[in-house]
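Q: Dropping a structure here in structure tokens format, bear with me for questions.
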Protein chains: 2
Amino acid sequence: MSHAQGQDSGLFEFRENGKGALYEQLAQSLRRAILDGQFVVGGKLPSSRLLARSLGISRNTVLAAYEVLSAEHLVVARGRKGTRLASHSHVNQSNVLPAIAPPPSRYVARVRKLPPTSLSSLRPQPAFDLHYGEAFADPRLLHSWRRKLSAAALRASPHYPDPCGFLPLRRAICDYLVRRRGISCTEKDVLIVAGTQQAIALIARVTLNEGDVAVIEDPHYQYARQALVAHGAHVIAVRTDDEGLVTSEVAPLDARLVYVTPSHQFPSGVVMSLKRRMELLQIVTQQRGYILEDDYDSEFLYRNGSLPALRTLAPSNRVIYVGTFSKTLFPSLRLGYIVCPTSLRDDLSAAKRLDDLGCPAIEQAALAAFIQSGQFDKHLRNSVEALRPVRDVLVEGLRRHCGDQVEIRGDHSGVHIVAWFKRMRHGHLDRLVQLACERGLGLYSIAPSYQARPPTPGLILGYAGLTAGGATRAMEIFGEAFAALGKDELPLSRPSANKIVA
Amino acid sequence: MSHAQGQDSGLFEFRENGKGALYEQLAQSLRRAILDGQFVVGGKLPSSRLLARSLGISRNTVLAAYEVLSAEHLVVARGRKGTRLASHSHVNQSNVLPAIAPPPSRYVARVRKLPPTSLSSLRPQPAFDLHYGEAFADPRLLHSWRRKLSAAALRASPHYPDPCGFLPLRRAICDYLVRRRGISCTEKDVLIVAGTQQAIALIARVTLNEGDVAVIEDPHYQYARQALVAHGAHVIAVRTDDEGLVTSEVAPLDARLVYVTPSHQFPSGVVMSLKRRMELLQIVTQQRGYILEDDYDSEFLYRNGSLPALRTLAPSNRVIYVGTFSKTLFPSLRLGYIVCPTSLRDDLSAAKRLDDLGCPAIEQAALAAFIQSGQFDKHLRNSVEALRPVRDVLVEGLRRHCGDQVEIRGDHSGVHIVAWFKRMRHGHLDRLVQLACERGLGLYSIAPSYQARPPTPGLILGYAGLTAGGATRAMEIFGEAFAALGKDELPLSRPSANKIVA
């Protein structure tokens, strides 16, 4: 309505904003005017008749607004004598003076320095996207999940949940871990968390003081690095090679926490050798630190034989094992788990309780039923069968278009591969990304996952969000872009602009 | 099976534990034995025939276990020459030496000093429980919720959620706040969090360094205090009176954060006067601090006229407003929200993203639909109508049994009341709690919510979990216990033992 818009009653400005009933809007404007000192304390408010007339609204609206203010003790209605301002409504007037904002906490100071991120939910989506971290969108899964959720809604307790997690879910995870990963643990060791991100945040709080050294791999998952930096850790990225983390470079650092992805180094795809695993365990034990073993995608295995988890090599000692359902189910579920070392079990549980009192009950009950019924295992088998041909299309397409110019890594497991272009300069790759983008294909450089720029340019190709048909089309576009690159004027080497986020 | 239990092969101990297939269990035992140095590095493992015979299991099981270890690179299969230990399997042997645990972080040192807690999910349940924080278990709600959840499961995005929260939910909360609380804000101000607990944890990170002063009310919500203490704040509990927080005692403290419950002081039930609200805003503005306004139960209002929220008195300036769905829907939902001051919007969003990347998508979508459809408002009206008679039964019962010995506070709103027993000693109250407990009624002293023991003993009576019939029976039991107390030998005054937790 426009009748009151911008009208100046001669007393105060009232601009309708469409939020709530008109009398509520008027009450809000009057409240603001009172608090800002536009009326004399102890003085009279305009009569309801006068105000109604000057604003061109009904008198009942004004009376209703005055009633709101009276109930709030901001004004005192005195019958025929009219409405007066309450005596204490002046106290706040110093608020009108410019107030200096409080200083940011050290946490905030660190967070403000972090690079900007673009989560997939906030990015524009190309027609074909090889972004890492997309959900494997199996419609069968969503239907099964819906049924489990619906059943759990009536069964789950509405009361405050167990902060450690729903007991049947923790038991189901124990069963799953011993069956699929050879990890033996009890439900007391398992803490349900809101995904890997919360696991990292809780582990940081429990193992690191501000300034303590935390080692991460280079390259690495950027959000892990950010969580550790935000916590105040002195984060050092140690290089990886074909055997994974170069442990000899970890030894001199006296790290309290070493964050690793041994099954499938993120994002390079390398498997940490058994020798390095043993060395890392020894270093960390000697230096009184912990290992955070992020086993984010070992469920997707395309060939036999995975190495034992660090947790298996040094049970319940110094290894904090973290698993997630973001890759196996879907990222917006926000459920994962920590297998705690015995010594940190109580501390990690307390940290979870103090952070959010526990994860939502219904989703936990649904997940427990989904695992117990065997549907989870079946879904994993289906996923591997569905994703294997997608991976094959990417690998074959890269080989066909690029020949011996490309080296492919990390294709034995997971939901992404890395393509290294040994004879390309970084500027070429940026141009390739741009040419693909113009053709509707989202390609992403691996460079932003590195602290030190990698020696050769590379792409990280996530394929969880694609069908085999989509992958075929994506590789056709890739071929066109790659061919166009050959004919193109090449720019000088410059830093990659796009970011990898999960 | 017992065939292998505790049998000593003469080579190593193998004890079946029932977790996973037999070959996996054997592989695990062998792995442990190898890592613990029970086999000579580079030496041979027993032949599969020999081991099978000595353990009384099939040779195929042993072969399968050896295959697992071979795939893990722990052993090398050399055909007829048998199976040898890999050369690097010795590195870990120093792990067998006693390793000193890493020092706990300062966070852990603080957390370990917190008093033990007993969340309702972990407590034994009496037949009638007046514990605060129980869910209002309306079966109609659970059925509506189930339908909303089921619909949302197919509609919500499986991808990583917006860390700030699902946009339609944030919009629905803005509409709700202006309509019901007169709070005007935009969706950009609203951050969806996993309940009040996470709100407090995030706000602590963003506003407080270790050692900074945070003021809480005395009495207070114990988990709020714990979250602030765990973060490292210097927490000072300032007394409250009939006008709420005694602001004159806040002024000299130079607090960075003041945590208050102005609508319905928790747990005393007092409403903070407008005068005190104004004073608090002025103090905090002058001292460059923030207010955390925890408006945890203002939806349950049994009489007209609530005072304006602090957020309304000082919009988007220094007030961080926190709301929750734990009371209005159910605690195991784990959803709440922060209305951020403009200056902290980005910092609080980043803190949420770094903590867990955002709340689960399906529950957020279900809640948005629940609010948008008008079902939430309807549910609130139903709840108030259902809870009003329950409250009335408690108030009348207390007056009938205790007469002028009892003073009732906080009964105008919320889901709990406080009963003060002015002529009773603390020891009497503990005895009353015990007598009620023996009769199947859970009563809870208010004392554990105080830092300084309250001058008179009091009970906090939560009634969200009761029907009117249940409340009637509860008050009958209360009457019996109260009468028995009169005849009883009274113990000397001693500190209350039971804890209030939500």
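The way I read the labels, and the way they are meant: chains A, B, ... in the order of the structure tokens, residue 1 as the first residue of every chain, and ligand 1 as the first ligand shown, with later ones counted on from there.
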With only C-alpha atoms as the counted atoms, please give the residues lying no more than 8 Å from stretch 351-354 of chain A, apart from itself and same-chain residues fewer than 2 positions off, as a ChimeraX atom specification.
A: /A:163-164,193,202,205-206,347-349,356-358 /B:111,197-198,201,223,226-227,230
Q: Would you export the selected residues with N, CA and C atoms as an mmCIF file, in the first residue's frame, please?
A:
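What ended up in again.cif:
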data_model
loop_
_atom_site.group_PDB
_atom_site.id
_atom_site.type_symbol
_atom_site.label_atom_id
_atom_site.label_comp_id
_atom_site.auth_asym_id
_atom_site.auth_seq_id
_atom_site.Cartn_x
_atom_site.Cartn_y
_atom_site.Cartn_z
ATOM 1 N N PRO A 163 24.552 -37.383 22.959
ATOM 2 C CA PRO A 163 25.518 -36.563 22.220
ATOM 3 C C PRO A 163 26.552 -37.398 21.462
ATOM 4 N N CYS A 164 26.829 -38.605 21.903
ATOM 5 C CA CYS A 164 27.803 -39.459 21.204
ATOM 6 C C CYS A 164 27.224 -40.050 19.930
ATOM 7 N N VAL A 193 29.208 -37.600 14.102
ATOM 8 C CA VAL A 193 29.422 -36.161 13.916
ATOM 9 C C VAL A 193 28.721 -35.690 12.644
ATOM 10 N N LEU A 202 36.368 -30.657 15.793
ATOM 11 C CA LEU A 202 36.401 -31.211 17.148
ATOM 12 C C LEU A 202 37.808 -31.726 17.485
ATOM 13 N N ARG A 205 40.150 -28.933 18.313
ATOM 14 C CA ARG A 205 39.953 -28.403 19.664
ATOM 15 C C ARG A 205 40.593 -29.297 20.719
ATOM 16 N N VAL A 206 40.498 -30.601 20.484
ATOM 17 C CA VAL A 206 40.930 -31.561 21.504
ATOM 18 C C VAL A 206 42.441 -31.801 21.473
ATOM 19 N N ASP A 347 37.044 -37.000 25.758
ATOM 20 C CA ASP A 347 37.286 -35.607 25.380
ATOM 21 C C ASP A 347 36.562 -35.256 24.079
ATOM 22 N N LEU A 348 36.603 -36.148 23.103
ATOM 23 C CA LEU A 348 35.921 -35.875 21.835
ATOM 24 C C LEU A 348 34.400 -35.873 22.026
ATOM 25 N N SER A 349 33.892 -36.775 22.861
ATOM 26 C CA SER A 349 32.448 -36.781 23.142
ATOM 27 C C SER A 349 32.032 -35.473 23.802
ATOM 28 N N ASP A 356 27.165 -28.998 19.946
ATOM 29 C CA ASP A 356 25.780 -28.973 19.461
ATOM 30 C C ASP A 356 24.853 -29.988 20.127
ATOM 31 N N LEU A 357 25.291 -30.626 21.202
ATOM 32 C CA LEU A 357 24.492 -31.607 21.960
ATOM 33 C C LEU A 357 24.180 -32.884 21.191
ATOM 34 N N GLY A 358 24.720 -33.024 19.971
ATOM 35 C CA GLY A 358 24.482 -34.275 19.233
ATOM 36 C C GLY A 358 23.791 -34.045 17.906
ATOM 37 N N VAL B 111 37.681 -28.699 29.743
ATOM 38 C CA VAL B 111 36.502 -29.574 29.615
ATOM 39 C C VAL B 111 36.533 -30.664 30.684
ATOM 40 N N GLN B 197 22.797 -24.638 21.500
ATOM 41 C CA GLN B 197 24.152 -24.994 21.926
ATOM 42 C C GLN B 197 25.177 -24.588 20.867
ATOM 43 N N GLN B 198 24.897 -24.893 19.604
ATOM 44 C CA GLN B 198 25.839 -24.501 18.564
ATOM 45 C C GLN B 198 25.880 -22.982 18.415
ATOM 46 N N ALA B 201 28.257 -21.764 20.987
ATOM 47 C CA ALA B 201 29.642 -22.134 20.656
ATOM 48 C C ALA B 201 30.188 -21.237 19.542
ATOM 49 N N TYR B 223 24.446 -25.597 30.388
ATOM 50 C CA TYR B 223 25.201 -25.920 29.176
ATOM 51 C C TYR B 223 25.730 -24.678 28.475
ATOM 52 N N GLN B 226 28.863 -23.965 30.397
ATOM 53 C CA GLN B 226 29.897 -24.938 30.042
ATOM 54 C C GLN B 226 30.528 -24.633 28.681
ATOM 55 N N ALA B 227 29.702 -24.244 27.719
ATOM 56 C CA ALA B 227 30.235 -23.939 26.382
ATOM 57 C C ALA B 227 31.196 -22.756 26.460
ATOM 58 N N ALA B 230 34.404 -23.875 28.350
ATOM 59 C CA ALA B 230 35.213 -24.740 27.478
ATOM 60 C C ALA B 230 35.961 -23.902 26.445
#
Q: Give me the residues near stretch 453-460 of chain B as a list in words, where near means some atom within 8 Å (using only C-alpha atoms) and where sequence neighbours in that chain fewer than 6 positions away do not count.
A: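 Skipping anything fewer than 6 positions along the chain leaves Leu130, His131, Tyr132, Pro267, His416, Ile417, Val418, Ala419, Trp420, Phe421, Lys422, Arg423, Met424, Arg425, His426, Leu429, Leu443, Tyr444, Ser445, Ile446 and Ala447 of chain B.
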Q: Run DSSP on the backbone of this structure and report the residues of stretch 319-422 of chain A it assigns to strand (DSSP E or B), as a VMD selection string.
A: chain A and resid 319 to 324 336 to 339 406 to 409 413 416 to 421
Q: Identify, on the basis of only C-alpha atoms, every residue whose closest approach to A:Arg146 does not exceed 10 Å; exclude the query and any residue fewer than 4 positions from it along the same chain; express the result as a list in words.
A: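 The neighbour list is Arg140, Leu141, Leu142, Ser150, Ala151, Ala152 and Ala366 of chain A; Leu149, Ser150, Ala151, Ala152, Ala153, Leu154 and Ile362 of chain B.
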Q: Would you output that residue set with N, CA and C atoms, as a compact mmCIF listing (two decimals), in the first residue's frame?
A:
# COMPACT_ATOMS: atom_id res chain seq x y z
N ARG A 140 17.13 -44.18 -6.98
CA ARG A 140 16.74 -45.29 -6.11
C ARG A 140 17.12 -45.01 -4.67
N LEU A 141 18.33 -44.42 -4.52
CA LEU A 141 18.79 -44.10 -3.17
C LEU A 141 17.82 -43.15 -2.48
N LEU A 142 17.43 -42.08 -3.21
CA LEU A 142 16.58 -41.07 -2.58
C LEU A 142 15.23 -41.66 -2.18
N SER A 150 10.95 -41.72 6.80
CA SER A 150 9.55 -41.68 7.18
C SER A 150 9.28 -42.64 8.33
N ALA A 151 9.86 -43.83 8.25
CA ALA A 151 9.69 -44.81 9.33
C ALA A 151 10.38 -44.33 10.60
N ALA A 152 11.57 -43.74 10.44
CA ALA A 152 12.34 -43.30 11.61
C ALA A 152 11.65 -42.14 12.32
N ALA A 366 17.31 -43.32 10.80
CA ALA A 366 17.12 -43.76 9.42
C ALA A 366 18.39 -44.42 8.88
N LEU B 149 8.70 -34.31 6.22
CA LEU B 149 10.04 -34.87 6.03
C LEU B 149 10.07 -35.75 4.78
N SER B 150 9.02 -36.53 4.64
CA SER B 150 8.92 -37.44 3.51
C SER B 150 8.87 -36.66 2.19
N ALA B 151 8.10 -35.58 2.18
CA ALA B 151 8.01 -34.75 0.97
C ALA B 151 9.34 -34.06 0.71
N ALA B 152 9.99 -33.59 1.78
CA ALA B 152 11.25 -32.85 1.63
C ALA B 152 12.36 -33.76 1.12
N ALA B 153 12.28 -35.06 1.47
CA ALA B 153 13.36 -35.99 1.10
C ALA B 153 13.52 -36.07 -0.42
N LEU B 154 12.45 -35.90 -1.15
CA LEU B 154 12.55 -35.96 -2.61
C LEU B 154 12.83 -34.60 -3.23
N ILE B 362 17.44 -31.92 4.31
CA ILE B 362 16.06 -32.42 4.30
C ILE B 362 15.29 -31.84 5.48
Q: May I ask for the distance between atom CA of A:Ala474 and atom CA of A:Asp411, given in Å to one decimal place?
A: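 Distance reported for this atom pair: 17.5 Å.
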Q: Mind pulling up the distance from atom CA of A:Ser306 to atom CA of B:Ser54?
A: 28.7 Å
Q: Go through B:Ile173, B:Ala255, B:Val260, B:Leu280 one by one, measure the shortest atom-to-atom distance of each to B:Ile192 using only C-alpha atoms, and give the residue with the smallest value.
A: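 Ranking B:Ile173, B:Ala255, B:Val260, B:Leu280 by distance to B:Ile192, first place goes to B:Ile173.
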Q: So which residues touch A:Ala199 within 8 Å, counting only C-alpha atoms, skipping near sequence neighbours fewer than 5 positions away, as JSON, numbers by chain?
A: {"A": [193, 194, 322, 336, 337, 338]}
Q: May I have the residues from that selection written out with all heavy atoms, as a PDB file, in the first residue's frame?
A:
ATOM      1  N   VAL A 193      29.208 -37.600  14.102  1.00  0.00           N
ATOM      2  CA  VAL A 193      29.422 -36.161  13.916  1.00  0.00           C
ATOM      3  C   VAL A 193      28.721 -35.690  12.644  1.00  0.00           C
ATOM      4  O   VAL A 193      28.288 -36.500  11.826  1.00  0.00           O
ATOM      5  CB  VAL A 193      30.927 -35.810  13.828  1.00  0.00           C
ATOM      6  CG1 VAL A 193      31.623 -36.056  15.157  1.00  0.00           C
ATOM      7  CG2 VAL A 193      31.615 -36.583  12.707  1.00  0.00           C
ATOM      8  N   ALA A 194      28.633 -34.364  12.515  1.00  0.00           N
ATOM      9  CA  ALA A 194      27.970 -33.764  11.352  1.00  0.00           C
ATOM     10  C   ALA A 194      28.953 -33.668  10.179  1.00  0.00           C
ATOM     11  O   ALA A 194      29.242 -32.585   9.689  1.00  0.00           O
ATOM     12  CB  ALA A 194      27.413 -32.397  11.720  1.00  0.00           C
ATOM     13  N   VAL A 322      38.488 -41.060  10.697  1.00  0.00           N
ATOM     14  CA  VAL A 322      37.277 -40.305  10.359  1.00  0.00           C
ATOM     15  C   VAL A 322      36.653 -40.864   9.077  1.00  0.00           C
ATOM     16  O   VAL A 322      37.349 -41.046   8.078  1.00  0.00           O
ATOM     17  CB  VAL A 322      37.600 -38.805  10.174  1.00  0.00           C
ATOM     18  CG1 VAL A 322      36.388 -38.045   9.672  1.00  0.00           C
ATOM     19  CG2 VAL A 322      38.092 -38.205  11.493  1.00  0.00           C
ATOM     20  N   GLY A 336      28.711 -38.159   9.631  1.00  0.00           N
ATOM     21  CA  GLY A 336      29.981 -38.866   9.535  1.00  0.00           C
ATOM     22  C   GLY A 336      30.302 -39.411  10.909  1.00  0.00           C
ATOM     23  O   GLY A 336      29.458 -39.361  11.810  1.00  0.00           O
ATOM     24  N   TYR A 337      31.506 -39.940  11.066  1.00  0.00           N
ATOM     25  CA  TYR A 337      31.844 -40.502  12.374  1.00  0.00           C
ATOM     26  C   TYR A 337      33.342 -40.435  12.629  1.00  0.00           C
ATOM     27  O   TYR A 337      34.148 -40.330  11.709  1.00  0.00           O
ATOM     28  CB  TYR A 337      31.354 -41.955  12.483  1.00  0.00           C
ATOM     29  CG  TYR A 337      31.811 -42.837  11.355  1.00  0.00           C
ATOM     30  CD1 TYR A 337      33.015 -43.533  11.432  1.00  0.00           C
ATOM     31  CD2 TYR A 337      31.063 -42.950  10.183  1.00  0.00           C
ATOM     32  CE1 TYR A 337      33.445 -44.324  10.380  1.00  0.00           C
ATOM     33  CE2 TYR A 337      31.489 -43.741   9.129  1.00  0.00           C
ATOM     34  CZ  TYR A 337      32.678 -44.426   9.230  1.00  0.00           C
ATOM     35  OH  TYR A 337      33.108 -45.190   8.187  1.00  0.00           O
ATOM     36  N   ILE A 338      33.658 -40.453  13.913  1.00  0.00           N
ATOM     37  CA  ILE A 338      35.046 -40.543  14.357  1.00  0.00           C
ATOM     38  C   ILE A 338      35.186 -41.866  15.091  1.00  0.00           C
ATOM     39  O   ILE A 338      34.350 -42.188  15.938  1.00  0.00           O
ATOM     40  CB  ILE A 338      35.400 -39.392  15.333  1.00  0.00           C
ATOM     41  CG1 ILE A 338      35.165 -38.020  14.684  1.00  0.00           C
ATOM     42  CG2 ILE A 338      36.834 -39.523  15.823  1.00  0.00           C
ATOM     43  CD1 ILE A 338      35.429 -36.846  15.638  1.00  0.00           C
TER      44      ILE A 338
END
Q: Counting only C-alpha atoms, figure out which residue out of A:Gly195, A:Gly427, A:Gly18, A:Gly410 gets nearest to chain B.
A: A:Gly195
Q: Here is a test: counting only C-alpha atoms, which residue of A:Asp355, A:Glu363, A:Glu13, A:Glu476 is nearest to chain B?
A: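 Selected residue with least distance to chain B: A:Asp355.
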Q: Any idea what the distance is between atom CA of A:Ser87 and atom CA of B:Glu293?
A: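 Atom CA of A:Ser87 sits 23.9 Å away from atom CA of B:Glu293.
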Q: Would you please work out which residue, of A:Gly414, A:Gly43, A:Pro219, A:Gly470, is nearest to A:Glu299 when using only C-alpha atoms?
A: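 Closest candidate: A:Gly414.
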Q: Find, counting only C-alpha atoms, the residue in B:Glu279, B:Asp254, B:Asp138, B:Asp242 that gets nearest to chain A.
A: B:Glu279
